[in-house]
$ cat start39.cif   # mmCIF, C-alpha atoms
data_work
loop_
_atom_site.label_atom_id
_atom_site.label_comp_id
_atom_site.auth_asym_id
_atom_site.auth_seq_id
_atom_site.Cartn_x
_atom_site.Cartn_y
_atom_site.Cartn_z
CA MET A 593 -46.98 -8.44 29.35
CA ASP A 594 -46.53 -10.08 25.96
CA LEU A 595 -44.58 -6.98 24.89
CA LEU A 596 -42.27 -7.32 27.89
CA GLU A 597 -41.55 -10.98 27.03
CA ARG A 598 -40.86 -10.08 23.40
CA TYR A 599 -38.49 -7.36 24.60
CA LEU A 600 -36.68 -9.76 26.93
CA GLN A 601 -36.46 -12.36 24.18
CA ALA A 602 -34.86 -9.78 21.85
CA ILE A 603 -32.30 -8.94 24.53
CA GLY A 604 -31.60 -12.63 25.13
CA GLN A 605 -30.79 -13.18 21.45
CA SER A 606 -27.72 -10.96 21.80
CA LEU A 607 -26.49 -12.58 25.01
CA PRO A 608 -24.31 -15.70 25.45
CA PRO A 609 -26.30 -18.82 26.49
CA ALA A 610 -24.43 -19.06 29.81
CA THR A 611 -25.86 -15.81 31.18
CA ARG A 612 -28.95 -15.39 29.00
CA GLU A 613 -31.61 -16.69 31.38
CA ASP A 614 -30.07 -15.09 34.45
CA VAL A 615 -29.94 -11.62 32.87
CA ARG A 616 -33.44 -11.98 31.44
CA ASN A 617 -34.89 -13.01 34.81
CA GLU A 618 -33.23 -10.11 36.55
CA LEU A 619 -34.40 -7.62 33.93
CA ARG A 620 -37.90 -9.13 34.05
CA ALA A 621 -38.06 -8.54 37.82
CA ASN A 622 -36.75 -4.98 37.55
CA LEU A 623 -38.99 -4.00 34.65
CA ALA A 624 -42.05 -5.68 36.19
CA ALA A 625 -41.46 -3.66 39.39
CA GLN A 626 -41.15 -0.50 37.34
CA ILE A 627 -44.35 -1.33 35.45
CA ASP A 628 -46.15 -2.00 38.74
CA ASP A 629 -44.99 1.37 40.12
CA SER A 630 -46.16 3.19 37.00
CA ALA A 631 -49.54 1.40 37.17
CA GLU A 632 -49.88 2.34 40.83
CA GLU A 633 -49.22 6.00 40.02
CA LEU A 634 -51.82 5.94 37.23
CA GLY A 635 -54.34 3.89 39.23
CA ARG A 636 -54.80 1.46 36.32
CA PRO A 637 -52.76 -1.05 34.32
CA LEU A 638 -50.46 0.39 31.65
CA SER A 639 -51.84 0.49 28.12
CA GLU A 640 -49.77 -1.09 25.34
CA PRO A 641 -48.42 2.28 24.04
CA GLU A 642 -47.44 3.26 27.61
CA LEU A 643 -45.66 -0.06 28.08
CA ALA A 644 -43.94 0.38 24.72
CA ALA A 645 -42.77 3.86 25.77
CA LEU A 646 -41.37 2.46 29.03
CA LEU A 647 -39.46 -0.27 27.19
CA LYS A 648 -38.23 2.21 24.60
CA ALA A 649 -36.85 4.40 27.39
CA HIS A 650 -35.07 1.34 28.80
CA GLY A 651 -33.09 1.00 25.59
CA ARG A 652 -32.79 -0.87 22.31
CA PRO A 653 -32.48 -4.64 23.01
CA GLU A 654 -29.12 -5.02 21.22
CA VAL A 655 -27.64 -2.04 23.08
CA VAL A 656 -28.95 -3.23 26.45
CA ALA A 657 -27.52 -6.70 25.82
CA ALA A 658 -24.16 -5.25 24.75
CA ARG A 659 -23.81 -3.54 28.14
CA TYR A 660 -23.90 -6.93 29.82
CA LEU A 661 -21.02 -8.18 27.70
CA PRO A 662 -17.38 -7.49 28.53
CA GLN A 663 -15.98 -4.44 26.74
CA ARG A 664 -14.35 -5.78 23.60
CA TYR A 665 -11.76 -4.10 21.42
CA LEU A 666 -10.20 -5.32 18.24
CA ILE A 667 -7.13 -3.32 19.28
CA GLY A 668 -7.39 -1.72 22.72
CA PRO A 669 -6.15 1.70 23.88
CA THR A 670 -2.88 0.23 25.24
CA LEU A 671 -1.82 -1.23 21.90
CA PHE A 672 -3.47 1.24 19.54
CA PRO A 673 -0.66 3.87 19.58
CA PHE A 674 1.85 1.11 18.74
CA TYR A 675 -0.45 -0.15 15.97
CA LEU A 676 -0.48 3.33 14.39
CA LEU A 677 3.27 3.71 14.87
CA ALA A 678 3.93 0.33 13.22
CA MET A 679 1.68 1.31 10.31
CA ARG A 680 3.58 4.55 9.77
CA ARG A 681 6.99 2.92 10.06
CA VAL A 682 6.32 -0.18 7.94
CA LEU A 683 4.19 1.33 5.15
CA PRO A 684 7.14 3.02 3.34
CA PHE A 685 8.98 -0.34 3.31
CA VAL A 686 5.91 -2.11 1.88
CA VAL A 687 5.56 0.49 -0.89
CA ALA A 688 9.29 0.52 -1.68
CA ILE A 689 9.63 -3.29 -1.68
CA TYR A 690 6.52 -3.56 -3.85
CA PHE A 691 7.80 -1.09 -6.46
CA ILE A 692 11.35 -2.46 -6.51
CA ALA A 693 10.10 -6.06 -6.79
CA ASN A 694 7.74 -5.08 -9.60
CA LEU A 695 10.41 -3.12 -11.45
CA ILE A 696 12.71 -6.17 -11.30
CA ARG A 697 9.89 -8.51 -12.38
CA ILE A 698 8.85 -6.23 -15.24
CA ALA A 699 12.43 -5.73 -16.41
CA ALA A 700 13.00 -9.50 -16.36
CA THR A 701 9.78 -10.65 -17.99
CA GLN A 702 8.52 -7.90 -20.30
CA ASN A 703 9.85 -7.28 -23.77
CA GLY A 704 9.74 -3.89 -25.38
CA LEU A 705 9.20 -0.46 -23.91
CA GLY A 706 5.44 -0.62 -24.45
CA SER A 707 4.90 -3.71 -22.33
CA ILE A 708 7.25 -2.34 -19.66
CA ALA A 709 5.11 0.79 -19.50
CA GLU A 710 1.94 -1.29 -19.27
CA GLY A 711 3.52 -3.33 -16.46
CA LEU A 712 4.41 -0.15 -14.57
CA VAL A 713 0.90 1.26 -14.93
CA ASP A 714 -0.60 -2.07 -13.77
CA SER A 715 1.76 -2.10 -10.79
CA ALA A 716 0.71 1.39 -9.73
CA PHE A 717 -2.97 0.37 -9.69
CA GLN A 718 -2.31 -3.00 -8.03
CA LEU A 719 -0.63 -1.20 -5.14
CA ILE A 720 -4.08 -0.31 -3.74
CA PRO A 721 -5.23 -3.93 -3.05
CA VAL A 722 -1.70 -4.76 -1.83
CA ILE A 723 -1.96 -1.98 0.77
CA PHE A 724 -5.43 -3.18 1.82
CA VAL A 725 -4.16 -6.75 2.29
CA TRP A 726 -1.18 -5.46 4.25
CA LEU A 727 -3.48 -3.33 6.46
CA GLY A 728 -5.63 -6.42 7.08
CA VAL A 729 -2.62 -8.57 8.00
CA MET A 730 -1.23 -5.91 10.37
CA THR A 731 -4.65 -5.51 12.00
CA ILE A 732 -4.98 -9.29 12.49
CA ILE A 733 -1.48 -9.48 14.01
CA PHE A 734 -2.25 -6.68 16.47
CA ALA A 735 -5.69 -8.15 17.24
CA ILE A 736 -3.95 -11.44 18.15
CA ILE A 737 -1.47 -9.55 20.37
CA GLU A 738 -4.45 -7.78 21.99
CA ARG A 739 -6.20 -11.09 22.69
CA THR A 740 -3.04 -12.63 24.14
CA TYR A 741 -1.71 -9.46 25.76
CA ASP A 742 -1.58 -10.89 29.29
CA LYS A 743 0.43 -13.92 28.13
CA VAL A 744 2.36 -12.79 25.06
CA GLY A 745 1.90 -9.03 24.65
CA LYS A 746 3.58 -8.10 27.93
CA ALA A 747 6.73 -9.86 26.73
CA LEU A 748 7.00 -7.08 24.11
CA ASN A 749 7.83 -4.76 27.00
CA LEU A 750 6.07 -1.79 25.43
CA ASP A 751 6.57 0.41 28.50
CA ASN A 752 10.33 0.04 28.32
CA TRP A 753 11.75 3.05 26.47
CA ASN A 754 14.70 5.30 26.85
CA PRO A 755 14.20 9.11 26.75
CA SER A 756 17.86 9.60 25.78
CA LYS A 757 17.20 7.75 22.50
CA LEU A 758 14.62 10.32 21.33
CA PRO A 759 15.66 12.17 18.13
CA PRO A 760 17.23 15.62 18.55
CA VAL A 761 15.00 18.70 18.39
CA LYS A 762 14.60 19.95 14.82
CA PRO A 763 15.67 23.55 14.16
CA SER A 764 12.61 25.81 14.16
CA GLY A 765 13.35 26.99 10.60
CA ASP A 766 13.02 23.50 9.09
CA GLU A 767 10.39 23.06 6.44
CA LYS A 768 7.14 21.31 7.28
CA GLN A 769 7.38 17.55 6.99
CA ARG A 770 5.30 16.12 4.15
CA SER A 771 2.70 13.54 5.02
CA LEU A 772 3.25 9.85 4.26
CA ALA A 773 0.24 9.81 1.89
CA SER A 774 1.71 12.75 -0.01
CA ARG A 775 5.11 11.01 -0.32
CA ILE A 776 3.51 7.76 -1.54
CA ALA A 777 1.34 9.66 -4.06
CA ASP A 778 4.45 11.50 -5.24
CA LEU A 779 6.26 8.20 -5.88
CA ALA A 780 3.22 6.61 -7.57
CA PHE A 781 2.72 9.58 -9.90
CA HIS A 782 6.39 9.59 -10.74
CA CYS A 783 6.15 5.92 -11.75
CA LEU A 784 3.15 6.75 -13.93
CA TRP A 785 5.09 9.61 -15.48
CA MET A 786 8.01 7.26 -16.22
CA ALA A 787 5.56 4.81 -17.81
CA TYR A 788 4.21 7.63 -19.97
CA VAL A 789 7.73 8.61 -21.07
CA ILE A 790 8.48 4.99 -22.01
CA GLU A 791 5.24 4.67 -23.95
CA VAL A 792 5.37 7.92 -25.97
CA PRO A 793 7.95 6.83 -28.59
CA ARG A 794 5.85 3.74 -29.39
CA HIS A 795 2.52 5.59 -29.28
CA PRO A 796 3.03 9.20 -30.46
CA PHE A 797 -0.74 9.59 -30.10
CA LEU A 798 -0.13 10.08 -26.37
CA MET A 799 1.76 13.29 -27.18
CA PHE A 800 0.12 14.60 -30.36
CA GLY A 801 -3.44 13.33 -29.97
CA PRO A 802 -5.54 13.21 -33.18
CA ALA A 803 -2.88 15.24 -35.05
CA VAL A 804 -0.66 12.15 -35.13
CA SER A 805 -2.19 10.88 -38.41
CA PHE A 806 -1.47 14.23 -40.08
CA ILE A 807 2.15 14.17 -38.86
CA ALA A 808 2.56 10.56 -40.04
CA ASN A 809 1.72 11.63 -43.60
CA LEU A 810 4.43 14.29 -43.62
CA GLN A 811 7.80 13.15 -44.94
CA VAL A 812 9.64 14.09 -41.75
CA THR A 813 11.19 12.34 -38.74
CA TRP A 814 12.79 13.28 -35.43
CA ALA A 815 16.32 14.66 -35.53
CA PRO A 816 19.07 12.61 -33.75
CA VAL A 817 19.19 15.23 -31.00
CA TRP A 818 16.02 13.72 -29.53
CA HIS A 819 17.66 10.32 -29.05
CA THR A 820 20.42 11.88 -26.95
CA PHE A 821 17.84 13.98 -25.12
CA TYR A 822 15.71 10.89 -24.42
CA VAL A 823 18.59 8.98 -22.82
CA ALA A 824 19.64 12.02 -20.74
CA PHE A 825 16.01 12.58 -19.73
CA TRP A 826 15.74 8.97 -18.56
CA PHE A 827 18.81 9.55 -16.42
CA LEU A 828 17.01 12.50 -14.81
CA LEU A 829 13.87 10.39 -14.20
CA LEU A 830 15.92 7.66 -12.52
CA ILE A 831 17.64 10.22 -10.27
CA GLN A 832 14.24 11.62 -9.32
CA LEU A 833 12.97 8.08 -8.66
CA GLY A 834 15.86 7.53 -6.25
CA ILE A 835 15.12 10.84 -4.50
CA LYS A 836 11.43 9.96 -4.13
CA ILE A 837 12.14 6.47 -2.78
CA ALA A 838 14.66 7.90 -0.29
CA ASN A 839 12.14 10.59 0.61
CA LEU A 840 9.58 7.88 1.37
CA PHE A 841 11.76 6.83 4.32
CA GLU A 842 12.47 10.43 5.29
CA ALA A 843 16.07 9.48 4.63
CA LEU A 844 17.02 12.76 2.96
CA GLY A 845 16.21 15.08 5.82
CA ARG A 846 17.40 18.61 5.08
CA TRP A 847 18.95 17.46 1.77
CA ARG A 848 15.56 16.88 0.14
CA ILE A 849 15.06 20.41 -1.21
CA PRO A 850 18.70 20.93 -2.31
CA LEU A 851 18.51 17.61 -4.19
CA ASP A 852 15.20 18.60 -5.78
CA LEU A 853 16.74 21.92 -6.82
CA THR A 854 19.79 20.15 -8.26
CA ALA A 855 17.55 17.85 -10.30
CA LYS A 856 15.68 20.91 -11.60
CA LEU A 857 18.99 22.54 -12.49
CA TYR A 858 19.97 19.42 -14.43
CA ALA A 859 16.58 19.53 -16.23
CA ILE A 860 17.19 23.19 -17.14
CA ALA A 861 20.67 22.41 -18.47
CA LEU A 862 19.21 19.58 -20.53
CA THR A 863 16.38 21.75 -21.90
CA GLY A 864 18.86 24.57 -22.61
CA TRP A 865 21.03 22.17 -24.56
CA LEU A 866 17.96 21.03 -26.51
CA ALA A 867 16.88 24.63 -27.18
CA SER A 868 20.32 25.37 -28.66
CA ALA A 869 20.17 22.36 -31.02
CA GLY A 870 18.24 24.22 -33.75
CA THR A 871 17.20 21.12 -35.73
CA TYR A 872 14.38 19.01 -34.32
CA VAL A 873 12.75 17.50 -37.38
CA ILE A 874 14.43 16.38 -40.59
CA ALA A 875 13.05 15.52 -44.03
CA THR A 876 12.76 11.88 -45.08
CA GLY A 877 11.63 12.50 -48.64
CA PRO A 878 11.61 15.09 -51.42
CA GLY A 879 8.02 16.23 -50.77
CA ILE A 880 8.97 18.63 -47.98
CA ASP A 881 9.56 22.31 -48.62
CA PRO A 882 12.94 23.24 -46.97
CA LEU A 883 11.56 26.65 -45.99
CA GLN A 884 8.57 25.09 -44.21
CA LEU A 885 10.90 22.66 -42.47
CA ALA A 886 13.10 25.54 -41.29
CA ILE A 887 10.01 27.41 -40.01
CA SER A 888 8.85 24.28 -38.16
CA ASN A 889 12.26 23.87 -36.56
CA HIS A 890 12.23 27.55 -35.60
CA TRP A 891 8.83 27.21 -33.84
CA VAL A 892 9.78 23.99 -32.04
CA GLY A 893 13.00 25.72 -30.84
CA LEU A 894 11.00 28.77 -29.74
CA SER A 895 8.52 26.57 -27.83
CA ILE A 896 11.39 24.84 -26.03
CA ALA A 897 12.92 28.23 -25.22
CA ILE A 898 9.60 29.40 -23.70
CA VAL A 899 9.40 26.21 -21.61
CA LEU A 900 12.99 26.87 -20.55
CA ILE A 901 12.10 30.38 -19.34
CA PHE A 902 9.29 28.99 -17.16
CA MET A 903 11.61 26.31 -15.78
CA VAL A 904 14.23 28.93 -14.88
CA LEU A 905 11.58 31.11 -13.21
CA ASP A 906 10.28 28.10 -11.25
CA LEU A 907 13.81 27.22 -10.11
CA ALA A 908 14.45 30.83 -9.11
CA VAL A 909 11.26 30.94 -7.00
CA GLN A 910 11.97 27.56 -5.36
CA ALA A 911 15.60 28.50 -4.69
CA TRP A 912 14.52 31.83 -3.20
CA LYS A 913 12.00 30.13 -0.91
CA TYR A 914 14.66 27.70 0.25
CA LEU A 915 17.44 30.25 0.70
CA ARG A 916 15.14 32.73 2.46
CA GLY A 917 14.71 30.25 5.32
CA HIS A 918 18.35 29.23 5.48
CA ILE A 919 20.40 32.37 4.94
CA PRO A 920 20.04 35.40 7.24
CA LEU A 921 18.29 38.27 5.44
CA ALA A 922 21.24 40.61 6.00
CA ARG A 923 23.51 38.34 3.95
CA LEU A 924 21.03 38.33 1.06
CA ALA A 925 20.81 42.14 0.96
CA PHE A 926 22.99 43.82 -1.65
CA MET B 960 -25.70 31.44 13.96
CA ASP B 961 -22.18 31.29 15.35
CA SER B 962 -23.34 31.80 18.93
CA SER B 963 -25.94 28.99 18.64
CA LEU B 964 -23.25 26.71 17.23
CA ASN B 965 -20.93 27.67 20.08
CA SER B 966 -23.60 27.03 22.68
CA THR B 967 -24.32 23.60 21.13
CA THR B 968 -20.62 22.76 21.26
CA ASP B 969 -20.35 24.06 24.84
CA SER B 970 -23.33 21.96 25.81
CA GLN B 971 -21.79 18.88 24.17
CA ILE B 972 -18.48 19.50 25.93
CA PHE B 973 -20.27 19.96 29.25
CA ASP B 974 -22.31 16.76 28.77
CA SER B 975 -19.21 14.75 27.93
CA LEU B 976 -17.22 16.14 30.91
CA ARG B 977 -20.19 15.70 33.23
CA LEU B 978 -20.46 12.07 32.13
CA GLU B 979 -16.79 11.51 32.95
CA LEU B 980 -17.14 13.25 36.31
CA ARG B 981 -20.22 11.22 37.25
CA ARG B 982 -18.86 7.84 36.12
CA GLY B 983 -16.55 7.31 39.07
CA CYS B 984 -18.91 8.96 41.57
CA LEU B 985 -21.78 6.66 40.57
CA ILE B 986 -19.76 3.57 41.43
CA VAL B 987 -19.00 4.99 44.88
CA ALA B 988 -22.68 5.90 45.32
CA VAL B 989 -23.85 2.41 44.28
CA LEU B 990 -21.39 0.71 46.64
CA ALA B 991 -22.40 3.03 49.48
CA GLN B 992 -26.11 2.50 48.86
CA LEU B 993 -25.64 -1.26 48.83
CA ARG B 994 -24.48 -1.30 52.44
CA ALA B 995 -28.18 -2.10 52.72
CA GLU B 996 -29.59 -4.85 50.52
CA HIS B 997 -31.44 -3.84 47.34
CA TYR B 998 -32.55 -5.32 44.06
CA GLY B 999 -31.97 -3.38 40.84
CA TYR B 1000 -35.17 -1.38 40.66
CA THR B 1001 -35.32 -0.29 44.33
CA LEU B 1002 -31.63 0.61 44.25
CA ARG B 1003 -32.25 2.87 41.27
CA LYS B 1004 -35.19 4.48 43.05
CA ALA B 1005 -33.19 4.96 46.24
CA LEU B 1006 -30.37 6.65 44.35
CA ALA B 1007 -32.82 8.85 42.41
CA ASP B 1008 -34.60 9.85 45.65
CA GLN B 1009 -31.26 11.14 46.90
CA GLY B 1010 -30.66 13.17 43.76
CA LEU B 1011 -28.45 10.73 41.86
CA ALA B 1012 -30.58 9.50 38.96
CA ILE B 1013 -28.97 6.73 36.93
CA GLU B 1014 -30.24 4.99 33.83
CA GLU B 1015 -31.35 1.37 34.10
CA SER B 1016 -29.18 0.41 31.16
CA THR B 1017 -26.15 1.72 33.07
CA LEU B 1018 -27.03 0.54 36.57
CA TYR B 1019 -28.04 -3.07 35.99
CA PRO B 1020 -24.95 -4.11 34.02
CA LEU B 1021 -22.82 -2.17 36.53
CA LEU B 1022 -24.19 -4.34 39.34
CA ARG B 1023 -23.13 -7.44 37.44
CA ARG B 1024 -19.65 -6.05 36.86
CA LEU B 1025 -19.20 -5.13 40.52
CA GLU B 1026 -20.33 -8.60 41.48
CA THR B 1027 -17.81 -10.15 39.08
CA GLN B 1028 -15.16 -8.03 40.81
CA GLN B 1029 -16.41 -9.56 44.09
CA LEU B 1030 -17.35 -6.17 45.51
CA LEU B 1031 -21.01 -7.25 45.75
CA THR B 1032 -22.76 -10.48 46.62
CA SER B 1033 -26.16 -11.40 45.25
CA GLN B 1034 -28.91 -13.87 45.84
CA TRP B 1035 -32.24 -14.71 44.20
CA ARG B 1036 -35.16 -14.43 46.59
CA GLU B 1037 -38.91 -14.27 46.28
CA GLU B 1038 -40.54 -11.00 47.24
CA ASP B 1039 -44.10 -9.93 46.43
CA LYS B 1040 -44.58 -13.22 44.56
CA ARG B 1041 -41.68 -12.39 42.25
CA ASN B 1042 -38.17 -13.73 42.10
CA LYS B 1043 -35.69 -10.89 42.45
CA ARG B 1044 -31.95 -10.68 42.60
CA PHE B 1045 -30.84 -8.84 45.71
CA TYR B 1046 -27.39 -7.26 45.91
CA LYS B 1047 -25.33 -6.35 48.97
CA LEU B 1048 -21.86 -5.00 49.58
CA SER B 1049 -19.37 -7.81 50.19
CA PRO B 1050 -16.62 -7.61 52.87
CA GLN B 1051 -14.14 -6.91 50.07
CA GLY B 1052 -16.50 -4.25 48.74
CA GLU B 1053 -16.57 -2.58 52.16
CA THR B 1054 -12.77 -2.31 52.17
CA ILE B 1055 -12.70 -0.91 48.65
CA LEU B 1056 -15.53 1.52 49.47
CA ALA B 1057 -13.59 2.81 52.48
CA GLN B 1058 -10.51 3.34 50.27
CA LEU B 1059 -12.55 5.04 47.55
CA LEU B 1060 -14.22 7.36 50.06
CA ALA B 1061 -10.83 8.31 51.50
CA GLU B 1062 -9.59 9.05 47.98
CA TRP B 1063 -12.74 11.00 47.19
CA ASN B 1064 -12.32 13.08 50.37
CA THR B 1065 -8.69 13.82 49.48
CA ILE B 1066 -9.68 14.94 45.99
CA ASN B 1067 -12.50 17.03 47.43
CA GLU B 1068 -10.23 18.74 49.94
CA SER B 1069 -7.60 19.42 47.28
CA LEU B 1070 -10.21 20.86 44.96
CA HIS B 1071 -11.51 23.14 47.71
CA LYS B 1072 -7.98 24.34 48.42
CA ILE B 1073 -7.40 25.06 44.72
CA LEU B 1074 -10.72 26.88 44.41
CA ASN B 1075 -10.11 28.97 47.53
CA HIS B 1076 -6.52 29.83 46.61
CA PRO B 1077 -6.55 30.23 42.82
CA GLU B 1078 -2.91 31.46 42.59
#

$ encode --input "start39.cif" --output "C-alpha cells"
Amino acid sequence: MDLLERYLQAIGQSLPPATREDVRNELRANLAAQIDDSAEELGRPLSEPELAALLKAHGRPEVVAARYLPQRYLIGPTLFPFYLLAMRRVLPFVVAIYFIANLIRIAATQNGLGSIAEGLVDSAFQLIPVIFVWLGVMTIIFAIIERTYDKVGKALNLDNWNPSKLPPVKPSGDEKQRSLASRIADLAFHCLWMAYVIEVPRHPFLMFGPAVSFIANLQVTWAPVWHTFYVAFWFLLLIQLGIKIANLFEALGRWRIPLDLTAKLYAIALTGWLASAGTYVIATGPGIDPLQLAISNHWVGLSIAIVLIFMVLDLAVQAWKYLRGHIPLARLAF
Amino acid sequence: MDSSLNSTTDSQIFDSLRLELRRGCLIVAVLAQLRAEHYGYTLRKALADQGLAIEESTLYPLLRRLETQQLLTSQWREEDKRNKRFYKLSPQGETILAQLLAEWNTINESLHKILNHPE
C-alpha cells in the first residue's frame, strides 16, 4: 500500500490545498476498492508490479490531478477568433509605425549615407523582438479580458455585428491575396535593398567584391550620368516603398499590380536612358589608354542593354499575366 | 502503404467522433445510474456491467463537477471499514435528467426518421 500512498501524494502535489485531502481520500477509497476486487479475483494480495500496473492504468498523477481542476484557458474559444482577428488587423500598423518612426529617427540622428544604411539594417533586425514584445502584450491584454469576461468582456458586445456591413463579394477573377507574412517580408527586404543602395557608393566592395582594389588603382572614375541615375533610382525606390507600405494594409486593392507594372515601366525607362548614355567611366589621369576606356564603356553599355532586355521580357510576362485575367480573350485576339 | 495510412486516419477520425458522441451520453448515463446511491468505484462497475465502460480518470472528476453544478449530492460514510464518498442524484439533478432524457429521445427519434427516409 506504500505505492498507493506515494501515488496519492504525487496527485496531491498538483492539487490546490483546499481540495487536496478530500480528493485524495476519495481516490484512496476508490482505488483501495479496486485493489480489493483484483485481489479477490486472483485469490491473493496484489504483488508490487501488479499494483504498479493498476496505478499506471489509472493515469499519470499530474494528468489525474489536472482533471480535478477547472478547465483553464489563457484565451478561451469565445475570445480566440477575436484575438486572431486583432493580431491580423493591428500587425500591419505595428510594422508600418515601427519603420516610419525608425526612418524619422535615423534621418534626424544619423550623419552620412553609411550610418543611415547601418541604421536601416539594424531596424530591420530589431523588428523581430519588437513583434515578439507586441505579441506578448496583445496576449496579456486578451488573457486579462478572458479572466474578466463576465464583468468586463461582455461589455465589448462581441456578438453584436451587422451583416450589411460585410465587405462586398470580390470578383472571381481577382488575384489571390498575398499573406500578411509575405507582405511584411516584402517590405523588410525592400528596406534592406534601400540600405544596400545607400551603402554601395561609400563601400564599392559591396558591388565589386575583391576586384575593388584593382579598380581603385586604375585612373578612372564614374561618369556624371551615374549621379543622375542614382537620384532617379532613389525616386523609384521611394515610390516602391510607398507601394509596399500601402500594400501592407491591403489599401491598394486591384491597383496593386498596375502600380507594380508602372514602377517596372519607370525602371525600364530609366535603364533605357542609362543604356543610351554611352559613357560610364571617364579617365582621371594620363595613364589610361583611350581605346581601352572606349572598350570598357562599350561593355558596360552592352551589359546594361542585356539587363534592359530581361527587364522588358519580365514586364511583358507580368503584363500578359495581368491582362489575361482582366481582358476577355476575344479582345486580345488579333 | 497508402491504404494502411488511410485506415489509421479513419480509425483516428472514428475514435475522435466516438469520443464526442459518448461525452454527452456518459453524463446522462451517470445521472441516471445515480438515481440509486453509489460511490465512485461501484458506480464505474455498475456502468461497465451495463456495457458503458468509463475510465476512472474521467468518471471521478466528472462526479465532482456534477456535484458543483448541484446535480448530485454527496456524503462521506463508512462502509466495509473504509470511508467512502457516496453520490446521489439531487432534486435539481432529477429535473435536469428528465429534460436531458426528453432531449435525447427527440434526437433519437429524429435520427431514426432521417435514417429511414434518407431523401

$ interface_residues --input "start39.cif" --of "chain A" --to "chain B" --cutoff "8 Å" --atoms "only C-alpha atoms" --output "number ranges by chain"
A: 617-618, 621-623, 625-626, 650-651, 656, 659-660

$ closest_residue --input "start39.cif" --among "A:Ser868, A:Thr876, A:Gln718, A:Thr863" --to "A:Phe821" --atoms "all atoms listed in the file"
A:Thr863

$ residues_around --input "start39.cif" --residues "A:Val817" --least-positions-apart "5" --cutoff "10 Å" --atoms "all atoms listed in the file" --output "JSON, numbers by chain"
{"A": [822, 865, 866, 869, 870, 871, 872, 873]}

$ atom_distance --input "start39.cif" --atom1 "atom CA of A:Glu654" --atom2 "atom CA of A:Asp629"
25.5 Å

$ resolve_selection --input "start39.cif" --expression "the PyMOL selection byres ((chain A and resi 851) around 12)" --output "PyMOL selection string"
chain A and resi 828+831-836+838-839+844-850+852-858+910-911+914

$ resolve_selection --input "start39.cif" --expression "the PyMOL selection byres ((chain A and resi 813) around 7)" --output "MDAnalysis selection string"
chainID A and resid 812 814:815 873:876

$ resolve_selection --input "start39.cif" --expression "the PyMOL selection byres ((chain B and resi 1025-1031) around 9)" --output "PyMOL selection string"
chain B and resi 986+990+993+1020-1024+1032-1033+1046-1056

$ atom_distance --input "start39.cif" --atom1 "atom CA of A:Val725" --atom2 "atom CA of A:Ile698"
21.8 Å

$ atom_distance --input "start39.cif" --atom1 "atom CA of A:His819" --atom2 "atom CA of A:Ala859"
15.8 Å

$ residues_around --input "start39.cif" --residues "stretch 604-607 of chain A" --least-positions-apart "3" --cutoff "12 Å" --atoms "only C-alpha atoms" --output "number ranges by chain"
A: 597-601, 610-620, 652-662

$ closest_residue --input "start39.cif" --among "B:Asp1008, B:Leu1002, B:Trp1063, B:Arg994" --to "B:Leu980" --atoms "all atoms listed in the file"
B:Trp1063

$ residues_around --input "start39.cif" --residues "B:Arg981" --least-positions-apart "5" --cutoff "12 Å" --atoms "all atoms listed in the file" --output "list in words"
Phe973, Asp974, Ser975, Leu976, Ile986, Val987, Ala988, Val989, Leu1011, Ala1012, Ile1013 and Thr1017 of chain B

$ write_last_selection --input "start39.cif" --atoms "C-alpha atoms" --output "mmCIF file, in the frame of the given file"
data_model
loop_
_atom_site.group_PDB
_atom_site.id
_atom_site.type_symbol
_atom_site.label_atom_id
_atom_site.label_comp_id
_atom_site.auth_asym_id
_atom_site.auth_seq_id
_atom_site.Cartn_x
_atom_site.Cartn_y
_atom_site.Cartn_z
ATOM 1 C CA PHE B 973 -20.270 19.960 29.250
ATOM 2 C CA ASP B 974 -22.310 16.760 28.770
ATOM 3 C CA SER B 975 -19.210 14.750 27.930
ATOM 4 C CA LEU B 976 -17.220 16.140 30.910
ATOM 5 C CA ILE B 986 -19.760 3.570 41.430
ATOM 6 C CA VAL B 987 -19.000 4.990 44.880
ATOM 7 C CA ALA B 988 -22.680 5.900 45.320
ATOM 8 C CA VAL B 989 -23.850 2.410 44.280
ATOM 9 C CA LEU B 1011 -28.450 10.730 41.860
ATOM 10 C CA ALA B 1012 -30.580 9.500 38.960
ATOM 11 C CA ILE B 1013 -28.970 6.730 36.930
ATOM 12 C CA THR B 1017 -26.150 1.720 33.070
#

$ axis_aligned_box --input "start39.cif" --around "stretch 966-975 of chain B" --padding-each-side "5 Å" --output "JSON"
{"center_x": -21.4, "center_y": 20.9, "center_z": 25.2, "size_x": 15.8, "size_y": 22.3, "size_z": 18.1}
